[in-house]
Amino acid sequence: MTSGEMTELWQETSPRARDGAATPPLGSRGLVRSPYPPAVGRAACQLARIQVARWDTALRRLRRTQEAILLSLLSHGEKTEFGRARRFARIRDYEGFVQQVPVGDYDSFSPLIDRMRAGERNVLVPESVRYFGNSSGSSNQGKAKFLPITERQIRFQQRAGADTLMRYLAWSGDHDLLSGYTLGLFPPTTMRREGGAFVTSNPALMMTRMPIVTRPIYLPEDDVRSMANYDEKLAVIASRYMDHDVRAIAGTTCWFTLLFDKVLAAAKSRGRDVRTVSHVWPNLKVLFGGGVSAAPYLPVLRNLLGRDDVTLMDTYNATEGGVYATSDFTSALGGLLMLPHRGTFFEFIPVEKRDSANAPRVPIWAVECDRPYSIVVTTASGLYAYEIGDIVRFASIDPPRIEFVGRLSGCLSLTQELTTHVEIERAVADAVAACPCTTLDFGAAADVGVDGSAKSRYLLFVEFQNGTTPTDLRAFAAEFDAGLCRQNRVYREHRHNEVALLPPTVVPLASGGARRFLETVTEGNIQGKFPRIIDDTKKKLLWQHAAVAR
């Protein structure tokens, strides 16, 4: 069944296809069901198998797929100012691309992007660009990033987002998913006009461009989507939709726990005897997450849900190109399966060689396992060999499964150990395994010149779930220390005999401290994430929420 046939089936069977006033049916336990009958879910599973087969074919023909994407992007931009300067018309293969187009970052592209924001055409792409994504990151010069998002990129992003759903449906056979609702936790769908352009966030933009098939089963409604205060928004969502048959939730993973707390509180305020989210949404089966590593949040999510069988579909995405990879559940090696056929061409620079002259550029078909790379992308929005600032590595290469390791600007390094957020997460996981507890959130900071000495240490700020705080925080810190020693050779060497680094200290946060800190630093941005690596400014704020005196 094609996507067009699926749309026709939806139009024939949906009570809201032509008249938005139709009342959705009631499901089990009196929950409001979606307008889709079971036939739509079965059709979606059939389509999913077809789409996944095409994806798998693209992975088997990785070089052919990626070079075709690259040449298509260059052909589209060959008559632009950038394309003429870099002689796109003469490039015939990847090697020619490397010779003609150097690696750049936002600072090198920003003068051209600024002209595009002013309405100029034929700069990086031939068309006029209407949308610019205001990235949460900043450039090396401290400037805010405004990344172009063309109509071509939007279409690629829509298909990549559908791929994530299709991979889940093909793997799970969950043909009942579309009989309920999907709830999205994303920034407000508001846009700031600048002349003929609009500045927004990429998730907010994609919410306004939702495919017609998805709209009848997607929550929240427009008045809630436009709310800027995320705490108020979550409270409204919890109150308004607790009687809806929510079967999937999509958003940044770290916000799921906050929503679940709101749902339980709202249900109890109505006099319901509920102990877990499953008592409110019994058919919730899948969480479509991203933005942060899911692993640290799973114990808390499962505890709030009251069951372990809810699937978390993780994604790796960026404003520069959309979704790059997603969970596929077919390998014990970990990592997220790459999408090589959705409008982005991928290159990788070995991190240890990044600062050398003529640093090697490695296409995706030539990467090595377990080697840290800086990721470089060429996109449908006119970013060519653009270094986005992420550090990644591959858990497998056939097919390629990628892991986000950290940011080039976001390593914790007191003595050149360059500890990444993944190493911090794994060390915390080791400590949790040795000292049973549940962490709600955590991050590590530098404590330089301890007690007036020349030595330093890590401060690990942690909010533990109520009732699970380890009785011996020193033992927890020691296990965290041992985990870092296993993960990071330089850290291990500098900790040996305390030659340069002292043992880390755990700073427990007061109940709700992580959330109050996040409210302060994110200023209502629902995409905000608790930082795994904490700078000095954020460290001062966190001390205000500590459960112990400084």
# chains A, B, ... in the order shown; residues from 1 in each chain; ligands from 1
>>> residues_around(residues="Pro126 of chain A", least_positions_apart="6", cutoff="8 Å", atoms="only C-alpha atoms", output="list of chain:residue names")
A:His76, A:Gly77, A:Lys79, A:Thr80
>>> residues_around(residues="His421 of chain A", least_positions_apart="5", cutoff="8 Å", atoms="only C-alpha atoms", output="VMD selection string")
chain A and resid 405 to 406 411 532 to 533
>>> closest_residue(among="A:Ile149, A:Ile424, A:Val450, A:Ala431", to="Pro531 of chain A", atoms="only C-alpha atoms")
A:Ile424
>>> residues_around(residues="Pro148 of chain A", least_positions_apart="4", cutoff="9 Å", atoms="only C-alpha atoms", output="ChimeraX atom specification")
/A:113,116-117,129-133,319-320,381-383
>>> write_last_selection(atoms="all heavy atoms", output="mmCIF file, in the first residue's frame")
data_model
loop_
_atom_site.group_PDB
_atom_site.id
_atom_site.type_symbol
_atom_site.label_atom_id
_atom_site.label_comp_id
_atom_site.auth_asym_id
_atom_site.auth_seq_id
_atom_site.Cartn_x
_atom_site.Cartn_y
_atom_site.Cartn_z
ATOM 1 N N ILE A 113 24.462 33.484 5.151
ATOM 2 C CA ILE A 113 23.149 33.223 5.744
ATOM 3 C C ILE A 113 22.444 34.540 6.068
ATOM 4 O O ILE A 113 21.227 34.679 5.876
ATOM 5 C CB ILE A 113 23.294 32.339 6.992
ATOM 6 C CG1 ILE A 113 23.767 30.928 6.594
ATOM 7 C CG2 ILE A 113 21.979 32.257 7.766
ATOM 8 C CD1 ILE A 113 24.080 30.025 7.761
ATOM 9 N N MET A 116 20.807 35.799 3.074
ATOM 10 C CA MET A 116 19.605 35.017 2.779
ATOM 11 C C MET A 116 18.453 35.435 3.679
ATOM 12 O O MET A 116 17.297 35.506 3.239
ATOM 13 C CB MET A 116 19.904 33.523 2.943
ATOM 14 C CG MET A 116 20.886 32.981 1.906
ATOM 15 S SD MET A 116 21.563 31.369 2.350
ATOM 16 C CE MET A 116 20.132 30.309 2.228
ATOM 17 N N ARG A 117 18.753 35.735 4.946
ATOM 18 C CA ARG A 117 17.700 36.204 5.867
ATOM 19 C C ARG A 117 17.127 37.533 5.403
ATOM 20 O O ARG A 117 15.969 37.849 5.679
ATOM 21 C CB ARG A 117 18.259 36.339 7.284
ATOM 22 C CG ARG A 117 18.486 35.022 7.990
ATOM 23 C CD ARG A 117 19.179 35.225 9.327
ATOM 24 N NE ARG A 117 18.388 36.023 10.242
ATOM 25 C CZ ARG A 117 18.877 36.663 11.295
ATOM 26 N NH1 ARG A 117 20.182 36.621 11.544
ATOM 27 N NH2 ARG A 117 18.088 37.345 12.101
ATOM 28 N N VAL A 129 14.739 31.658 0.767
ATOM 29 C CA VAL A 129 14.512 30.827 1.950
ATOM 30 C C VAL A 129 13.599 31.581 2.901
ATOM 31 O O VAL A 129 13.879 32.721 3.297
ATOM 32 C CB VAL A 129 15.842 30.470 2.650
ATOM 33 C CG1 VAL A 129 15.581 29.615 3.878
ATOM 34 C CG2 VAL A 129 16.763 29.742 1.676
ATOM 35 N N ARG A 130 12.514 30.940 3.276
ATOM 36 C CA ARG A 130 11.498 31.603 4.095
ATOM 37 C C ARG A 130 11.719 31.379 5.588
ATOM 38 O O ARG A 130 11.375 32.227 6.403
ATOM 39 C CB ARG A 130 10.115 31.081 3.703
ATOM 40 C CG ARG A 130 8.970 31.868 4.299
ATOM 41 C CD ARG A 130 7.634 31.299 3.861
ATOM 42 N NE ARG A 130 6.516 32.136 4.306
ATOM 43 C CZ ARG A 130 5.253 31.772 4.253
ATOM 44 N NH1 ARG A 130 4.936 30.570 3.759
ATOM 45 N NH2 ARG A 130 4.298 32.569 4.690
ATOM 46 N N TYR A 131 12.284 30.222 5.966
ATOM 47 C CA TYR A 131 12.386 29.864 7.379
ATOM 48 C C TYR A 131 13.842 29.737 7.816
ATOM 49 O O TYR A 131 14.685 29.209 7.080
ATOM 50 C CB TYR A 131 11.672 28.538 7.643
ATOM 51 C CG TYR A 131 10.212 28.551 7.251
ATOM 52 C CD1 TYR A 131 9.777 27.857 6.124
ATOM 53 C CD2 TYR A 131 9.271 29.255 8.005
ATOM 54 C CE1 TYR A 131 8.445 27.856 5.761
ATOM 55 C CE2 TYR A 131 7.935 29.264 7.645
ATOM 56 C CZ TYR A 131 7.527 28.560 6.517
ATOM 57 O OH TYR A 131 6.213 28.568 6.152
ATOM 58 N N PHE A 132 14.101 30.180 9.042
ATOM 59 C CA PHE A 132 15.421 30.047 9.646
ATOM 60 C C PHE A 132 15.251 29.506 11.064
ATOM 61 O O PHE A 132 14.492 30.063 11.857
ATOM 62 C CB PHE A 132 16.157 31.385 9.648
ATOM 63 C CG PHE A 132 16.548 31.840 8.273
ATOM 64 C CD1 PHE A 132 15.643 32.511 7.473
ATOM 65 C CD2 PHE A 132 17.814 31.553 7.770
ATOM 66 C CE1 PHE A 132 15.984 32.906 6.190
ATOM 67 C CE2 PHE A 132 18.162 31.943 6.483
ATOM 68 C CZ PHE A 132 17.246 32.622 5.689
ATOM 69 N N GLY A 133 15.931 28.405 11.325
ATOM 70 C CA GLY A 133 15.836 27.786 12.634
ATOM 71 C C GLY A 133 16.804 28.433 13.609
ATOM 72 O O GLY A 133 18.006 28.484 13.358
ATOM 73 N N THR A 319 19.000 20.760 13.726
ATOM 74 C CA THR A 319 18.391 21.741 12.833
ATOM 75 C C THR A 319 19.059 21.689 11.464
ATOM 76 O O THR A 319 18.417 21.921 10.435
ATOM 77 C CB THR A 319 18.500 23.148 13.434
ATOM 78 O OG1 THR A 319 17.931 23.139 14.748
ATOM 79 C CG2 THR A 319 17.777 24.171 12.581
ATOM 80 N N GLU A 320 20.354 21.370 11.447
ATOM 81 C CA GLU A 320 21.096 21.248 10.189
ATOM 82 C C GLU A 320 20.766 19.913 9.524
ATOM 83 O O GLU A 320 21.559 18.982 9.532
ATOM 84 C CB GLU A 320 22.603 21.325 10.441
ATOM 85 C CG GLU A 320 23.064 22.577 11.146
ATOM 86 C CD GLU A 320 23.179 22.406 12.658
ATOM 87 O OE1 GLU A 320 22.454 21.561 13.218
ATOM 88 O OE2 GLU A 320 23.972 23.119 13.282
ATOM 89 N N SER A 381 19.536 22.647 2.500
ATOM 90 C CA SER A 381 19.346 24.063 2.792
ATOM 91 C C SER A 381 20.582 24.897 2.490
ATOM 92 O O SER A 381 20.636 26.075 2.844
ATOM 93 C CB SER A 381 18.939 24.247 4.262
ATOM 94 O OG SER A 381 17.647 23.728 4.481
ATOM 95 N N GLY A 382 21.591 24.297 1.835
ATOM 96 C CA GLY A 382 22.740 25.077 1.391
ATOM 97 C C GLY A 382 23.919 25.098 2.333
ATOM 98 O O GLY A 382 24.796 25.954 2.194
ATOM 99 N N LEU A 383 23.982 24.184 3.270
ATOM 100 C CA LEU A 383 25.177 24.040 4.100
ATOM 101 C C LEU A 383 26.047 22.960 3.465
ATOM 102 O O LEU A 383 25.615 21.819 3.325
ATOM 103 C CB LEU A 383 24.793 23.657 5.536
ATOM 104 C CG LEU A 383 23.867 24.646 6.258
ATOM 105 C CD1 LEU A 383 23.507 24.114 7.637
ATOM 106 C CD2 LEU A 383 24.516 26.021 6.360
#
>>> closest_residue(among="A:Gly467, A:Gly343, A:Gly161, A:Pro360", to="Gly290 of chain A", atoms="only C-alpha atoms")
A:Gly161
>>> select_by_dssp(residues="segment 114-277 of chain A", states="helix (DSSP H, G or I)", output="NGL selection string")
:A and (114-117 or 151-172 or 177-179 or 202-208 or 215-217 or 222-225 or 230-241 or 253-269 or 277)
>>> closest_atom_pairs(of="segment 307-393 of chain A", to="segment 62-73 of chain A", cutoff="8 Å", atoms="only C-alpha atoms", output="JSON lines")
{"residue": "A:Pro340", "atom": "CA", "partner": "A:Gln66", "partner_atom": "CA", "distance": 6.2}
{"residue": "A:His341", "atom": "CA", "partner": "A:Thr65", "partner_atom": "CA", "distance": 6.3}
{"residue": "A:Gly343", "atom": "CA", "partner": "A:Ile69", "partner_atom": "CA", "distance": 6.1}
{"residue": "A:Thr344", "atom": "CA", "partner": "A:Ile69", "partner_atom": "CA", "distance": 7.0}
{"residue": "A:Phe345", "atom": "CA", "partner": "A:Leu70", "partner_atom": "CA", "distance": 5.7}
{"residue": "A:Phe346", "atom": "CA", "partner": "A:Gln66", "partner_atom": "CA", "distance": 7.8}
{"residue": "A:Ile364", "atom": "CA", "partner": "A:Arg63", "partner_atom": "CA", "distance": 7.9}
{"residue": "A:Trp365", "atom": "CA", "partner": "A:Arg63", "partner_atom": "CA", "distance": 5.9}
{"residue": "A:Thr378", "atom": "CA", "partner": "A:Leu70", "partner_atom": "CA", "distance": 7.4}
{"residue": "A:Thr379", "atom": "CA", "partner": "A:Leu73", "partner_atom": "CA", "distance": 7.1}
{"residue": "A:Ala380", "atom": "CA", "partner": "A:Leu73", "partner_atom": "CA", "distance": 6.2}
>>> write_last_selection(atoms="N, CA, C and O atoms", output="PDB file, in the first residue's frame")
ATOM      1  N   PRO A 340      20.527   7.216   5.395  1.00  0.00           N
ATOM      2  CA  PRO A 340      21.440   7.769   4.387  1.00  0.00           C
ATOM      3  C   PRO A 340      20.736   8.334   3.164  1.00  0.00           C
ATOM      4  O   PRO A 340      21.393   8.867   2.270  1.00  0.00           O
ATOM      5  N   HIS A 341      19.398   8.253   3.115  1.00  0.00           N
ATOM      6  CA  HIS A 341      18.662   8.553   1.890  1.00  0.00           C
ATOM      7  C   HIS A 341      17.692   9.716   2.043  1.00  0.00           C
ATOM      8  O   HIS A 341      16.783   9.873   1.235  1.00  0.00           O
ATOM      9  N   GLY A 343      18.322  13.251   2.186  1.00  0.00           N
ATOM     10  CA  GLY A 343      18.716  14.598   1.844  1.00  0.00           C
ATOM     11  C   GLY A 343      19.928  15.167   2.545  1.00  0.00           C
ATOM     12  O   GLY A 343      20.232  16.339   2.364  1.00  0.00           O
ATOM     13  N   THR A 344      20.629  14.370   3.339  1.00  0.00           N
ATOM     14  CA  THR A 344      21.839  14.837   4.011  1.00  0.00           C
ATOM     15  C   THR A 344      23.014  13.955   3.621  1.00  0.00           C
ATOM     16  O   THR A 344      22.909  12.726   3.662  1.00  0.00           O
ATOM     17  N   PHE A 345      24.129  14.583   3.247  1.00  0.00           N
ATOM     18  CA  PHE A 345      25.364  13.855   2.958  1.00  0.00           C
ATOM     19  C   PHE A 345      26.273  13.987   4.178  1.00  0.00           C
ATOM     20  O   PHE A 345      26.476  15.079   4.706  1.00  0.00           O
ATOM     21  N   PHE A 346      26.835  12.859   4.615  1.00  0.00           N
ATOM     22  CA  PHE A 346      27.593  12.816   5.861  1.00  0.00           C
ATOM     23  C   PHE A 346      29.086  12.616   5.626  1.00  0.00           C
ATOM     24  O   PHE A 346      29.493  11.779   4.811  1.00  0.00           O
ATOM     25  N   ILE A 364      30.782   8.331   5.112  1.00  0.00           N
ATOM     26  CA  ILE A 364      30.143   7.382   6.006  1.00  0.00           C
ATOM     27  C   ILE A 364      30.483   5.938   5.648  1.00  0.00           C
ATOM     28  O   ILE A 364      30.509   5.069   6.515  1.00  0.00           O
ATOM     29  N   TRP A 365      30.776   5.659   4.388  1.00  0.00           N
ATOM     30  CA  TRP A 365      31.074   4.278   4.006  1.00  0.00           C
ATOM     31  C   TRP A 365      32.501   3.861   4.379  1.00  0.00           C
ATOM     32  O   TRP A 365      32.892   2.720   4.153  1.00  0.00           O
ATOM     33  N   THR A 378      26.353  18.007   4.571  1.00  0.00           N
ATOM     34  CA  THR A 378      25.957  18.830   3.428  1.00  0.00           C
ATOM     35  C   THR A 378      24.462  18.622   3.275  1.00  0.00           C
ATOM     36  O   THR A 378      23.987  17.483   3.245  1.00  0.00           O
ATOM     37  N   THR A 379      23.691  19.728   3.207  1.00  0.00           N
ATOM     38  CA  THR A 379      22.241  19.628   3.353  1.00  0.00           C
ATOM     39  C   THR A 379      21.497  20.296   2.203  1.00  0.00           C
ATOM     40  O   THR A 379      22.068  21.059   1.415  1.00  0.00           O
ATOM     41  N   ALA A 380      20.190  20.042   2.180  1.00  0.00           N
ATOM     42  CA  ALA A 380      19.318  20.626   1.158  1.00  0.00           C
ATOM     43  C   ALA A 380      19.064  22.107   1.391  1.00  0.00           C
ATOM     44  O   ALA A 380      18.438  22.762   0.551  1.00  0.00           O
TER      45      ALA A 380
END
>>> atom_distance(atom1="atom CA of Ile534 of chain A", atom2="atom CA of Thr257 of chain A")
21.3 Å
>>> select_by_dssp(residues="segment 104-317 of chain A", states="strand (DSSP E)", output="PyMOL selection string")
chain A and resi 131-138+144-149+181-185+192-194+197-200+218-219+246-251+286-288+311-313+315-317
>>> atom_distance(atom1="atom CA of Val300 of chain A", atom2="atom CA of Leu234 of chain A")
18.0 Å
>>> residues_around(residues="segment 392-404 of chain A", least_positions_apart="3", cutoff="8 Å", atoms="only C-alpha atoms", output="number ranges by chain")
A: 59-60, 293, 316, 325, 333-338, 364-365, 367-375, 422
>>> atom_distance(atom1="atom CA of Ala510 of chain A", atom2="atom CA of Asp535 of chain A")
19.9 Å
>>> residues_around(residues="Leu473 of chain A", least_positions_apart="5", cutoff="10 Å", atoms="only C-alpha atoms", output="number ranges by chain")
A: 435, 478-479, 505-508
>>> residues_around(residues="Lys455 of chain A", least_positions_apart="4", cutoff="8 Å", atoms="only C-alpha atoms", output="VMD selection string")
chain A and resid 448 to 450 500 to 502
>>> closest_atom_pairs(of="segment 249-337 of chain A", to="segment 192-206 of chain A", cutoff="12 Å", atoms="only C-alpha atoms", output="CSV")
residue,atom,partner,partner_atom,distance
A:Ala250,CA,A:Pro203,CA,10.8
A:Gly251,CA,A:Pro203,CA,9.0
A:Thr252,CA,A:Pro203,CA,10.2
A:Gly290,CA,A:Pro203,CA,11.5
A:Gly291,CA,A:Pro203,CA,11.3
A:Asn317,CA,A:Asn202,CA,10.2
A:Ala318,CA,A:Asn202,CA,8.5
A:Thr319,CA,A:Asn202,CA,5.8
A:Glu320,CA,A:Asn202,CA,9.2
A:Gly321,CA,A:Asn202,CA,9.8
A:Gly322,CA,A:Asn202,CA,8.2
A:Val323,CA,A:Pro203,CA,11.0
>>> residues_around(residues="Thr469 of chain A", least_positions_apart="4", cutoff="10 Å", atoms="only C-alpha atoms", output="ChimeraX atom specification")
/A:435-439,462-465,473,476,508
>>> closest_residue(among="A:Leu284, A:Ala266, A:Leu258, A:Ile50", to="Glu519 of chain A", atoms="only C-alpha atoms")
A:Leu258
>>> closest_residue(among="A:Leu298, A:Ala43, A:Val103, A:Leu169", to="Ile349 of chain A", atoms="only C-alpha atoms")
A:Val103
>>> closest_residue(among="A:Ala444, A:Val376, A:Val499, A:Ala144", to="Glu425 of chain A", atoms="only C-alpha atoms")
A:Ala444
